[in-house]
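Text of run-v5.cif (mmCIF, C-alpha atoms) as supplied:
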```cif
data_structure
loop_
_atom_site.label_atom_id
_atom_site.label_comp_id
_atom_site.auth_asym_id
_atom_site.auth_seq_id
_atom_site.Cartn_x
_atom_site.Cartn_y
_atom_site.Cartn_z
CA MET F 1 122.27 125.15 118.57
CA THR F 2 121.41 121.46 119.06
CA TYR F 3 119.00 119.59 116.86
CA GLU F 4 116.58 119.46 119.80
CA ASP F 5 116.44 123.26 119.74
CA ALA F 6 115.94 123.47 115.98
CA GLY F 7 112.54 123.99 114.41
CA ASN F 8 110.94 122.08 111.58
CA ALA F 9 112.73 124.11 108.91
CA GLY F 10 116.19 123.52 110.34
CA LEU F 11 115.83 119.76 110.53
CA LEU F 12 114.12 119.51 107.14
CA ASP F 13 116.98 121.47 105.57
CA GLN F 14 119.50 119.10 107.14
CA GLN F 15 117.57 116.09 105.93
CA ALA F 16 117.28 117.39 102.39
CA ALA F 17 121.00 118.12 102.25
CA ARG F 18 122.09 114.68 103.43
CA GLU F 19 119.44 112.09 102.58
CA SER F 20 118.83 110.52 99.21
CA SER F 21 116.38 111.74 96.60
CA ALA F 22 114.37 108.56 97.25
CA ARG F 23 112.96 109.94 100.50
CA THR F 24 109.18 110.25 100.31
CA TYR F 25 107.07 111.37 103.26
CA PRO F 26 108.95 114.62 104.09
CA ARG F 27 108.15 115.94 100.61
CA HIS F 28 104.43 116.23 101.41
CA LEU F 29 104.45 116.04 105.22
CA PRO F 30 106.95 118.86 105.86
CA PHE F 31 107.61 118.56 109.57
CA ALA F 32 110.07 117.02 112.02
CA ILE F 33 108.68 115.11 114.98
CA ARG F 34 109.70 116.01 118.52
CA GLU F 35 107.29 113.93 120.61
CA ALA F 36 104.72 111.21 120.08
CA LYS F 37 102.08 109.82 122.43
CA GLY F 38 99.11 107.63 121.66
CA VAL F 39 97.44 108.87 118.48
CA GLU F 40 99.16 112.28 118.49
CA LEU F 41 102.40 113.73 117.16
CA THR F 42 104.06 117.00 118.15
CA ASP F 43 106.45 118.66 115.72
CA MET F 44 109.54 120.75 116.40
CA ASP F 45 107.48 123.95 116.26
CA GLY F 46 105.00 122.72 118.86
CA ASN F 47 102.15 121.86 116.48
CA THR F 48 100.12 118.72 117.23
CA TYR F 49 98.61 116.26 114.75
CA TYR F 50 96.36 113.24 114.76
CA ASP F 51 98.41 110.41 113.28
CA CYS F 52 96.41 108.39 110.76
CA LEU F 53 99.57 107.03 109.18
CA ALA F 54 100.98 105.39 112.33
CA GLY F 55 104.10 104.04 110.71
CA ALA F 56 102.10 102.74 107.73
CA GLY F 57 100.02 100.69 110.16
CA THR F 58 102.93 99.56 112.33
CA LEU F 59 101.85 101.23 115.58
CA ALA F 60 98.86 99.15 116.61
CA LEU F 61 98.92 100.58 120.14
CA GLY F 62 99.96 104.06 119.08
CA HIS F 63 103.12 105.88 120.08
CA ASN F 64 104.91 104.94 123.31
CA HIS F 65 102.19 102.77 124.77
CA PRO F 66 103.14 101.88 128.36
CA VAL F 67 102.94 98.11 127.89
CA VAL F 68 105.40 98.34 125.01
CA THR F 69 107.86 100.74 126.64
CA GLU F 70 107.76 98.76 129.89
CA ALA F 71 108.51 95.50 128.04
CA MET F 72 111.56 97.07 126.41
CA GLU F 73 112.72 98.73 129.63
CA THR F 74 112.46 95.43 131.51
CA ALA F 75 114.60 93.71 128.91
CA LEU F 76 117.24 96.44 129.05
CA ASP F 77 117.25 96.75 132.85
CA ASN F 78 117.85 93.01 133.25
CA ASP F 79 120.71 92.76 130.76
CA ARG F 80 118.71 90.61 128.38
CA PRO F 81 120.41 89.97 125.03
CA ILE F 82 119.56 92.46 122.31
CA HIS F 83 120.56 90.33 119.35
CA THR F 84 120.87 86.55 119.07
CA LEU F 85 120.57 85.65 115.35
CA ASP F 86 118.21 82.66 115.51
CA ILE F 87 119.46 81.32 118.84
CA THR F 88 116.44 81.11 121.10
CA THR F 89 115.80 82.96 124.34
CA PRO F 90 112.92 83.10 126.83
CA ALA F 91 111.78 86.34 125.16
CA LYS F 92 111.68 84.64 121.78
CA GLU F 93 109.70 81.66 123.04
CA ARG F 94 107.21 83.96 124.78
CA PHE F 95 106.80 85.91 121.55
CA VAL F 96 106.06 82.70 119.65
CA ASP F 97 103.57 81.68 122.34
CA SER F 98 101.74 84.98 121.88
CA LEU F 99 101.93 84.78 118.10
CA MET F 100 100.45 81.28 118.05
CA ALA F 101 97.72 82.35 120.49
CA SER F 102 96.70 85.07 118.04
CA LEU F 103 96.13 82.59 115.21
CA PRO F 104 93.06 80.39 114.67
CA ASP F 105 93.58 77.02 116.35
CA ASP F 106 93.37 74.98 113.15
CA PHE F 107 96.21 77.02 111.66
CA ALA F 108 98.33 77.34 114.81
CA GLU F 109 98.35 73.62 115.56
CA ARG F 110 100.09 72.91 112.22
CA ALA F 111 102.18 76.07 112.03
CA LYS F 112 105.90 76.61 111.72
CA VAL F 113 107.56 80.02 112.09
CA GLN F 114 110.49 81.48 110.15
CA PHE F 115 112.06 84.66 111.51
CA CYS F 116 113.33 86.97 108.80
CA SER F 117 115.30 90.15 108.47
CA PRO F 118 113.18 92.92 109.97
CA ALA F 119 111.19 94.35 107.05
CA GLY F 120 107.96 92.90 105.74
CA THR F 121 109.40 92.68 102.24
CA ASP F 122 111.89 90.11 103.53
CA ALA F 123 109.01 87.99 104.81
CA ILE F 124 107.67 88.03 101.25
CA GLU F 125 111.06 86.99 99.88
CA ALA F 126 111.20 84.16 102.42
CA ALA F 127 107.69 83.03 101.49
CA LEU F 128 108.66 83.00 97.81
CA LYS F 129 111.63 80.76 98.56
CA LEU F 130 109.50 78.58 100.82
CA VAL F 131 106.78 77.80 98.28
CA LYS F 132 109.22 77.41 95.40
CA THR F 133 111.27 74.94 97.43
CA ALA F 134 108.21 73.02 98.63
CA THR F 135 106.54 72.71 95.23
CA GLY F 136 109.54 72.62 92.90
CA ASN F 137 107.76 75.20 90.74
CA ASP F 138 108.95 78.67 89.71
CA ASP F 139 106.05 80.81 88.52
CA VAL F 140 103.88 82.68 91.03
CA LEU F 141 100.45 84.28 90.97
CA ALA F 142 99.86 87.81 92.22
CA PHE F 143 97.15 90.42 91.73
CA ARG F 144 96.74 93.75 90.02
CA GLY F 145 96.93 96.57 92.55
CA ALA F 146 99.13 94.52 94.90
CA TYR F 147 101.89 95.87 97.10
CA HIS F 148 104.23 93.35 98.75
CA GLY F 149 107.42 95.36 99.28
CA MET F 150 110.37 96.90 97.47
CA THR F 151 112.93 94.10 97.19
CA ASN F 152 113.39 92.11 93.99
CA GLY F 153 110.79 89.38 94.29
CA ALA F 154 108.29 91.47 96.22
CA LEU F 155 108.60 94.33 93.74
CA SER F 156 108.10 91.91 90.87
CA MET F 157 104.71 90.99 92.32
CA MET F 158 103.71 94.65 92.80
CA GLY F 159 100.80 95.81 90.69
CA ASP F 160 101.97 99.41 90.37
CA THR F 161 104.19 99.65 87.30
CA HIS F 162 105.63 103.08 88.17
CA ALA F 163 108.08 101.67 90.71
CA LYS F 164 109.41 99.20 88.13
CA GLU F 165 109.86 101.49 85.14
CA GLU F 166 113.58 102.12 85.51
CA LEU F 167 114.52 98.64 86.75
CA SER F 168 115.66 95.57 84.88
CA GLY F 169 116.27 92.05 86.08
CA LEU F 170 113.17 91.69 88.22
CA MET F 171 111.92 88.20 89.06
CA SER F 172 110.36 86.52 86.06
CA GLY F 173 107.35 84.26 86.01
CA VAL F 174 104.84 86.49 87.81
CA GLN F 175 101.28 86.27 86.52
CA HIS F 176 99.12 89.23 87.62
CA LEU F 177 95.46 88.31 88.04
CA PRO F 178 92.45 90.66 88.27
CA TYR F 179 91.59 91.64 91.83
CA PRO F 180 87.92 92.22 92.65
CA HIS F 181 87.19 95.94 92.90
CA THR F 182 83.57 96.99 93.23
CA TYR F 183 84.27 100.59 92.15
CA ARG F 184 86.83 99.93 89.42
CA SER F 185 85.91 96.52 88.08
CA PRO F 186 88.80 94.84 86.25
CA PHE F 187 86.26 93.61 83.71
CA GLY F 188 84.79 97.01 82.94
CA ASP F 189 81.29 96.09 84.02
CA ALA F 190 79.12 96.20 87.12
CA GLY F 191 77.38 93.52 89.12
CA ASP F 192 80.30 91.58 90.63
CA GLU F 193 79.81 92.70 94.23
CA ASP F 194 80.79 89.30 95.67
CA GLY F 195 83.74 88.78 93.30
CA THR F 196 82.19 85.77 91.57
CA ALA F 197 83.28 86.86 88.10
CA ALA F 198 86.81 87.54 89.30
CA ALA F 199 87.02 84.11 90.93
CA ARG F 200 85.69 82.37 87.82
CA TYR F 201 88.31 84.18 85.76
CA VAL F 202 91.10 82.81 87.98
CA GLU F 203 89.72 79.28 87.80
CA ARG F 204 89.34 79.32 84.01
CA PHE F 205 92.77 80.89 83.63
CA LEU F 206 94.47 78.18 85.70
CA ASP F 207 92.66 75.39 83.87
CA ASP F 208 93.41 76.74 80.41
CA PRO F 209 96.04 74.54 78.69
CA GLY F 210 96.99 77.60 76.65
CA ARG F 211 97.60 79.82 79.68
CA GLY F 212 101.26 80.29 78.76
CA PHE F 213 103.04 79.44 82.02
CA ARG F 214 103.94 76.44 84.13
CA ASP F 215 102.31 75.20 87.33
CA PRO F 216 102.59 77.95 89.93
CA ALA F 217 104.56 77.70 93.15
CA GLY F 218 102.07 79.84 95.05
CA LEU F 219 99.41 82.53 94.99
CA PHE F 220 100.16 85.74 96.91
CA VAL F 221 97.27 87.97 97.98
CA GLU F 222 96.37 90.86 100.29
CA LEU F 223 92.79 90.50 101.49
CA VAL F 224 92.67 94.25 101.91
CA GLN F 225 94.99 95.92 99.43
CA GLY F 226 96.60 98.60 101.55
CA GLU F 227 98.92 100.70 99.41
CA GLY F 228 96.62 99.74 96.54
CA GLY F 229 93.95 102.01 98.03
CA ALA F 230 92.29 100.14 100.96
CA VAL F 231 90.48 97.75 98.62
CA PRO F 232 88.86 94.83 100.49
CA ALA F 233 88.36 91.45 98.89
CA PRO F 234 84.79 90.11 99.13
CA ASP F 235 84.58 87.15 101.51
CA GLU F 236 82.95 84.91 98.92
CA TRP F 237 85.80 85.63 96.49
CA THR F 238 88.33 84.77 99.19
CA ARG F 239 86.60 81.47 99.90
CA GLU F 240 86.54 80.66 96.20
CA ILE F 241 90.25 81.46 95.80
CA ARG F 242 90.99 79.18 98.74
CA ARG F 243 88.96 76.39 97.12
CA ILE F 244 90.62 76.91 93.74
CA THR F 245 94.14 76.88 95.16
CA ARG F 246 93.49 73.90 97.44
CA GLU F 247 92.01 71.78 94.65
CA ARG F 248 95.09 72.50 92.50
CA ASP F 249 97.69 72.13 95.29
CA ILE F 250 98.77 75.76 94.98
CA PRO F 251 99.97 77.20 98.30
CA MET F 252 97.92 80.27 99.21
CA VAL F 253 100.09 82.99 100.75
CA VAL F 254 98.15 85.74 102.55
CA ASP F 255 100.07 88.96 103.05
CA GLU F 256 98.94 90.30 106.45
CA ILE F 257 101.88 92.67 106.84
CA GLN F 258 99.63 95.74 107.05
CA SER F 259 96.24 94.17 107.76
CA GLY F 260 97.28 91.78 110.53
CA LEU F 261 96.73 91.96 114.30
CA GLY F 262 93.28 93.47 114.54
CA ARG F 263 93.35 96.27 112.00
CA THR F 264 90.50 95.05 109.79
CA GLY F 265 88.12 94.18 112.64
CA GLU F 266 89.35 90.60 112.98
CA THR F 267 92.72 89.55 114.36
CA TYR F 268 93.69 88.62 110.80
CA ALA F 269 91.99 89.64 107.58
CA PHE F 270 91.64 86.04 106.38
CA GLU F 271 89.34 85.32 109.33
CA HIS F 272 86.55 87.41 107.79
CA ALA F 273 86.09 84.68 105.18
CA GLY F 274 86.70 81.79 107.56
CA ILE F 275 89.55 80.31 105.52
CA THR F 276 92.85 78.72 106.53
CA PRO F 277 95.75 79.85 104.34
CA ASP F 278 98.93 77.84 103.81
CA VAL F 279 101.28 80.75 104.52
CA VAL F 280 100.89 84.10 106.29
CA THR F 281 103.48 86.88 106.13
CA LEU F 282 103.63 89.26 109.08
CA SER F 283 105.57 92.36 110.08
CA LYS F 284 104.62 95.92 111.16
CA ALA F 285 102.29 95.54 114.18
CA VAL F 286 103.67 92.19 115.40
CA GLY F 287 106.95 93.91 116.35
CA GLY F 288 105.21 96.41 118.59
CA GLY F 289 106.62 99.28 116.54
CA LEU F 290 110.11 97.79 116.25
CA PRO F 291 111.48 95.96 113.19
CA LEU F 292 110.36 92.32 113.07
CA ALA F 293 109.10 90.06 110.29
CA VAL F 294 107.99 86.43 110.31
CA VAL F 295 106.50 83.85 108.00
CA VAL F 296 103.99 81.45 109.55
CA TYR F 297 103.19 78.43 107.42
CA ASP F 298 101.77 74.92 107.35
CA GLU F 299 104.24 72.29 108.48
CA SER F 300 103.78 70.35 105.22
CA LEU F 301 105.81 73.07 103.47
CA ASP F 302 108.72 72.85 105.91
CA VAL F 303 111.13 71.06 103.57
CA TRP F 304 113.90 73.62 103.08
CA GLU F 305 117.45 72.97 104.25
CA PRO F 306 119.19 74.66 107.20
CA GLY F 307 120.28 78.14 106.14
CA ALA F 308 117.88 78.25 103.18
CA HIS F 309 116.72 81.60 104.50
CA ALA F 310 118.56 83.72 107.05
CA GLY F 311 119.05 87.32 108.05
CA THR F 312 121.33 89.00 110.57
CA PHE F 313 118.58 90.86 112.40
CA ARG F 314 116.13 87.97 112.68
CA GLY F 315 117.21 87.86 116.33
CA ASN F 316 115.86 91.30 117.31
CA GLN F 317 115.06 90.58 120.96
CA LEU F 318 113.69 94.02 121.83
CA ALA F 319 111.20 93.70 118.98
CA MET F 320 110.14 90.31 120.30
CA ALA F 321 109.57 91.76 123.78
CA ALA F 322 107.61 94.68 122.30
CA GLY F 323 105.75 92.33 119.97
CA GLU F 324 104.74 89.95 122.74
CA ALA F 325 103.38 92.87 124.77
CA THR F 326 101.49 94.24 121.77
CA ILE F 327 99.94 90.94 120.71
CA ASP F 328 98.87 90.16 124.27
CA TYR F 329 97.31 93.61 124.67
CA VAL F 330 95.43 93.37 121.38
CA LEU F 331 94.02 89.98 122.35
CA GLU F 332 93.24 90.78 125.98
CA HIS F 333 91.47 94.05 125.14
CA ASP F 334 89.67 92.78 122.01
CA LEU F 335 91.16 95.54 119.89
CA ASP F 336 89.92 93.80 116.77
CA ASP F 337 86.35 94.42 117.93
CA HIS F 338 87.29 97.96 118.91
CA ALA F 339 88.78 98.52 115.44
CA ALA F 340 85.55 97.30 113.89
CA GLU F 341 83.51 99.68 116.07
CA MET F 342 85.74 102.72 115.55
CA GLY F 343 86.10 101.91 111.86
CA ALA F 344 82.31 101.83 111.47
CA ARG F 345 82.08 105.18 113.26
CA LEU F 346 84.67 106.75 110.96
CA ARG F 347 83.19 105.05 107.90
CA GLY F 348 79.83 106.63 108.66
CA GLU F 349 81.37 110.11 108.57
CA LEU F 350 83.25 109.33 105.37
CA ASP F 351 80.09 107.99 103.75
CA ALA F 352 78.42 111.30 104.60
CA LEU F 353 81.14 113.07 102.62
CA ASP F 354 80.49 110.71 99.73
CA ALA F 355 76.87 111.83 99.77
CA ARG F 356 77.86 115.52 99.82
CA PHE F 357 80.61 115.64 97.23
CA ASP F 358 80.61 114.23 93.70
CA GLU F 359 84.39 114.49 93.97
CA VAL F 360 84.34 111.58 96.45
CA GLY F 361 84.10 108.59 94.17
CA ASP F 362 84.34 105.72 96.62
CA VAL F 363 84.66 105.03 100.35
CA ARG F 364 85.93 101.57 101.20
CA GLY F 365 87.98 99.36 103.49
CA ARG F 366 87.57 97.31 106.63
CA GLY F 367 87.92 98.19 110.30
CA LEU F 368 90.55 100.88 110.74
CA MET F 369 91.95 100.36 107.26
CA LEU F 370 89.86 102.77 105.22
CA GLY F 371 90.21 104.78 102.04
CA VAL F 372 88.48 107.66 100.25
CA GLU F 373 89.08 107.88 96.51
CA PHE F 374 88.83 111.29 94.85
CA VAL F 375 87.63 111.62 91.27
CA ASP F 376 87.08 114.20 88.56
CA ALA F 377 83.44 115.13 89.15
CA ASP F 378 83.16 116.75 85.71
CA ALA F 379 84.26 113.67 83.77
CA GLU F 380 81.91 111.14 82.27
CA PRO F 381 81.52 108.05 84.46
CA SER F 382 82.26 104.60 83.12
CA GLN F 383 79.52 102.01 82.75
CA THR F 384 80.21 100.98 86.36
CA GLY F 385 79.71 104.57 87.53
CA ALA F 386 83.40 105.21 88.24
CA ARG F 387 84.94 108.51 87.20
CA PRO F 388 88.65 109.07 86.49
CA ALA F 389 90.85 109.41 89.55
CA ASP F 390 91.81 112.96 90.54
CA GLU F 391 95.27 112.78 92.09
CA ASP F 392 95.63 116.56 92.20
CA LEU F 393 92.53 116.92 94.35
CA ALA F 394 93.71 114.10 96.61
CA ASP F 395 97.04 115.87 97.02
CA ARG F 396 95.26 119.08 97.98
CA VAL F 397 93.14 117.21 100.51
CA ARG F 398 96.27 115.73 102.10
CA THR F 399 97.81 119.21 102.34
CA GLU F 400 94.64 120.71 103.80
CA CYS F 401 94.55 117.88 106.37
CA PHE F 402 98.16 118.48 107.35
CA GLU F 403 97.62 122.20 107.78
CA ARG F 404 94.71 121.44 110.13
CA GLY F 405 96.61 118.89 112.23
CA LEU F 406 95.80 115.56 110.58
CA VAL F 407 98.35 113.23 108.99
CA VAL F 408 96.97 111.03 106.21
CA GLU F 409 98.72 109.40 103.29
CA LEU F 410 97.64 108.63 99.73
CA GLY F 411 97.57 105.36 97.83
CA GLY F 412 95.62 103.51 95.19
CA ARG F 413 95.48 104.02 91.44
CA HIS F 414 97.13 107.33 90.55
CA GLY F 415 97.65 108.05 94.27
CA ALA F 416 94.12 109.44 94.49
CA THR F 417 92.95 107.63 97.64
CA ALA F 418 93.30 109.19 101.09
CA ARG F 419 94.06 106.37 103.51
CA PHE F 420 93.27 106.04 107.22
CA LEU F 421 95.49 103.79 109.38
CA PRO F 422 95.17 105.23 112.90
CA PRO F 423 96.38 103.29 115.94
CA LEU F 424 93.86 100.70 117.10
CA VAL F 425 93.56 102.46 120.46
CA VAL F 426 91.90 105.50 118.85
CA ASP F 427 88.73 106.37 120.76
CA ALA F 428 85.36 107.80 119.74
CA ASP F 429 86.33 111.40 120.52
CA ASP F 430 89.49 111.02 118.44
CA VAL F 431 87.51 109.55 115.55
CA ASP F 432 85.03 112.41 115.64
CA ASP F 433 87.84 114.97 115.63
CA ILE F 434 89.61 113.19 112.77
CA ALA F 435 86.40 113.06 110.75
CA ALA F 436 85.68 116.74 111.38
CA ILE F 437 89.17 117.79 110.28
CA PHE F 438 88.96 115.62 107.18
CA SER F 439 85.57 117.08 106.30
CA GLU F 440 86.96 120.61 106.59
CA ALA F 441 89.94 119.65 104.46
CA VAL F 442 87.80 118.12 101.71
CA THR F 443 85.51 121.17 101.70
CA ALA F 444 88.49 123.52 101.40
CA ALA F 445 90.20 121.45 98.69
CA VAL F 446 87.06 121.14 96.58
CA SER F 447 86.37 124.86 96.97
CA ALA F 448 89.93 125.69 95.90
CA GLU F 449 89.54 123.44 92.87
CA GLY F 450 86.35 125.26 91.91
CA ASP F 451 88.10 128.64 92.20
CA ALA F 452 91.09 127.57 90.11
#
```
Output the structure of this file as structure tokens.
Amino acid sequence: MTYEDAGNAGLLDQQAARESSARTYPRHLPFAIREAKGVELTDMDGNTYYDCLAGAGTLALGHNHPVVTEAMETALDNDRPIHTLDITTPAKERFVDSLMASLPDDFAERAKVQFCSPAGTDAIEAALKLVKTATGNDDVLAFRGAYHGMTNGALSMMGDTHAKEELSGLMSGVQHLPYPHTYRSPFGDAGDEDGTAAARYVERFLDDPGRGFRDPAGLFVELVQGEGGAVPAPDEWTREIRRITRERDIPMVVDEIQSGLGRTGETYAFEHAGITPDVVTLSKAVGGGLPLAVVVYDESLDVWEPGAHAGTFRGNQLAMAAGEATIDYVLEHDLDDHAAEMGARLRGELDALDARFDEVGDVRGRGLMLGVEFVDADAEPSQTGARPADEDLADRVRTECFERGLVVELGGRHGATARFLPPLVVDADDVDDIAAIFSEAVTAAVSAEGDA
């Protein structure tokens, strides 16, 4: 029997026997995928699912979109190079043209691009080296709840301590600052809807001569914390952080690896606040579903020496062809506006669940980057009204979703937030179906909890 003839169980058994114990998704999404088209997956047993994981936000146009597959087929049919290190090609220059066209003019006209090894975490490592080289400083600023990747420097800036518990030798000099969170305020109080208190904290902290660390090389921030639970930064807070960093000559690095290319309802999340960052890290969607990562930064920082950052697969030509096609499609079809519209439609249904169930503590996010946090409805709320996270309920909701044909993943504090990252091409009928399945799953999970 070939693998193509095997069912879910056969392939899952093979995977478990041969892959490392570090594998994650198959443990709670127990299927093997046979086909994928648009927003749907089909497993080896013939079951279909709405995909609200979409490669952790990678598949902006969904699975096997024609403009992406045609771009790759054209490259292959015409004997285009597949791999060129950082030697340029027409495909590479066209990709850069599209990338620059996606950026605000005031940023693009001063921008330089560094191609990295293909994962987003390598873009973070490159950005760390960039700002440290440009400033001559070593310490960096990051935020609680952050996720920037799983390599040494990126992991050091992660807010979640669980992934670091068994590791030594992580990058030193990381200062974790409070991130504005309207449901779980880092200050334990309410009334900071616009993030003013959080911004003032950062400013006072940086100006304190007793702060305990040297001048920072850069500040790294996600303007919607993705793996952190779909937590959006208030626009006023973002503008204040930009002012604070600019006045102190601290490069502001915006991690758009998951939020970039239309997902939040703007082409880039930083555009909601109308700021211009110094550095933007990109991966996921900009490769059209194939591995590609870049750092785009202000030319004033371009002081590193040849070879200061490299990577064998920075010349992934198929990813550049797929990425060019994806970026162009997103821009030509205003998928950022579509994401805002579909996100508002889905958000309305999720807000209705919040009104029905005390177990839904918070609904949040931007565009098609949304999260629903589950809480212990019987616990006493804090002074902000937040109850303790209920990771067991969230896990049951994920399972109930999967059994009904919906793939969602969890994130946030304690893994208690169900996250929605569907392809940007999702339509109104899809959104309504997704919302209906999720509502059924929440109802079933809450009922099961009550019966336990």
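Residues matched by the PyMOL selection byres ((chain F and resi 264) around 7) in this structure: Ser259, Gly262, Arg263, Gly265, Glu266, Ala269, Ala339, Ala340, Arg366, Gly367, Leu368 and Met369 of chain F.
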For stretch 179-195 of chain F: contacts at 7 Å, only C-alpha atoms, fewer than 4 positions along chain excluded, given as a list in words | Phe143, Arg144, Ala199, Val231, Ala233, Pro234, Glu236, Trp237, Asp362, Gln383, Thr384 and Ala386 of chain F
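In this structure, atom CA of F:Gln15 sits 20.9 Å away from atom CA of F:Glu403.
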For F:Ala310, which of F:Cys116, F:Leu261, F:Val174, F:Ile327 is the closest residue, counting only C-alpha atoms?
->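 Of F:Cys116, F:Leu261, F:Val174, F:Ile327, the one nearest F:Ala310, counting only C-alpha atoms, is F:Cys116.
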Between F:Ala394, F:Leu318, F:Asp255, F:Asp337, which one has atoms that come closest to F:Thr74, using all atoms listed in the file?
->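 Once distances to F:Thr74 are computed over all atoms listed in the file, the minimum belongs to F:Leu318.
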Skipping near chain neighbours, those fewer than 3 positions away, what residues fall within 12 Å of F:Thr69 using all atoms listed in the file, listed as a ChimeraX atom specification?
-> /F:37,61-66,72-77,288-290,318-319,321-326
Between atom CA of F:Val96 and atom CA of F:Val294, what is the spacing in Å?
-> 10.2 Å
Pick the closest to F:Glu305 from F:Ala134, F:Ala379, F:Ile250, F:Met150: which is it, counting all atoms listed in the file?
->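 Once distances to F:Glu305 are computed over all atoms listed in the file, the minimum belongs to F:Ala134.
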Care to translate the PyMOL selection byres ((chain F and resi 44-50) around 9) into actual residues of this file, as a ChimeraX atom specification?
-> /F:4-9,11,31-35,39-43,51-53,402,404-408,422,430,433-434
Step by step, work through what the PyMOL selection byres ((chain F and resi 441) around 10) selects in the shown file, and finish by giving those residues as a PyMOL selection string.
-> chain F and resi 396-404+406+435-440+442-447
Write a file of the just-selected residues containing C-alpha atoms, as an mmCIF file, in the coordinates of the input.
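After the write, part-v7.cif holds the following:
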```cif
data_model
loop_
_atom_site.group_PDB
_atom_site.id
_atom_site.type_symbol
_atom_site.label_atom_id
_atom_site.label_comp_id
_atom_site.auth_asym_id
_atom_site.auth_seq_id
_atom_site.Cartn_x
_atom_site.Cartn_y
_atom_site.Cartn_z
ATOM 1 C CA ARG F 396 95.260 119.080 97.980
ATOM 2 C CA VAL F 397 93.140 117.210 100.510
ATOM 3 C CA ARG F 398 96.270 115.730 102.100
ATOM 4 C CA THR F 399 97.810 119.210 102.340
ATOM 5 C CA GLU F 400 94.640 120.710 103.800
ATOM 6 C CA CYS F 401 94.550 117.880 106.370
ATOM 7 C CA PHE F 402 98.160 118.480 107.350
ATOM 8 C CA GLU F 403 97.620 122.200 107.780
ATOM 9 C CA ARG F 404 94.710 121.440 110.130
ATOM 10 C CA LEU F 406 95.800 115.560 110.580
ATOM 11 C CA ALA F 435 86.400 113.060 110.750
ATOM 12 C CA ALA F 436 85.680 116.740 111.380
ATOM 13 C CA ILE F 437 89.170 117.790 110.280
ATOM 14 C CA PHE F 438 88.960 115.620 107.180
ATOM 15 C CA SER F 439 85.570 117.080 106.300
ATOM 16 C CA GLU F 440 86.960 120.610 106.590
ATOM 17 C CA VAL F 442 87.800 118.120 101.710
ATOM 18 C CA THR F 443 85.510 121.170 101.700
ATOM 19 C CA ALA F 444 88.490 123.520 101.400
ATOM 20 C CA ALA F 445 90.200 121.450 98.690
ATOM 21 C CA VAL F 446 87.060 121.140 96.580
ATOM 22 C CA SER F 447 86.370 124.860 96.970
#
```
Got a sec: who's within 10 Å of F:Ile244, counting only C-alpha atoms, leaving out chain neighbours fewer than 3 positions off, as a PyMOL selection string?
-> chain F and resi 199-200+202-203+206+238-241+247-250+252
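Of the residues listed (F:Phe374, F:Tyr201, F:Phe213, F:Phe220), F:Phe374 shows the shortest atom-to-atom separation from F:Leu353; distances use only C-alpha atoms.
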Select, from F:Ala22, F:Leu335, F:Val221, F:Val360, the residue with the minimum atom-to-atom distance to F:Pro277, counting all atoms listed in the file.
-> F:Val221
Protein/DNA/RNA residues near (122.2, 94.4, 120.8), cut 9 Å, all atoms listed in the file, as a list of chain:residue names |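 Taken together, the residues in range are F:Pro81, F:Ile82, F:His83, F:Thr84, F:Asn316, F:Gln317, F:Leu318.
The two atoms in question, atom CA of F:Thr58 and atom CA of F:Pro423, are spaced 8.4 Å apart.
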Enclose all atoms of stretch 104-122 of chain F listed in the file in an axis-aligned box, grow every side by 6 Å, and hand back centre and edge lengths in Å to one decimal, as JSON.
```
{"center_x": 104.2, "center_y": 83.6, "center_z": 109.3, "size_x": 34.2, "size_y": 33.4, "size_z": 26.1}
```
May I have the protein, DNA and RNA residues with any atom at most 12 Å from the point (95.3, 120.6, 90.1), counting only C-alpha atoms, written as a VMD selection string?
-> chain F and resid 375 to 376 390 to 397 445 to 446 448 to 452
Pick the closest to F:Gly120 from F:Glu256, F:Asp139, F:Glu166, F:Asp86: which is it, counting all atoms listed in the file?
->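 Selected residue with least distance to F:Gly120: F:Glu256.
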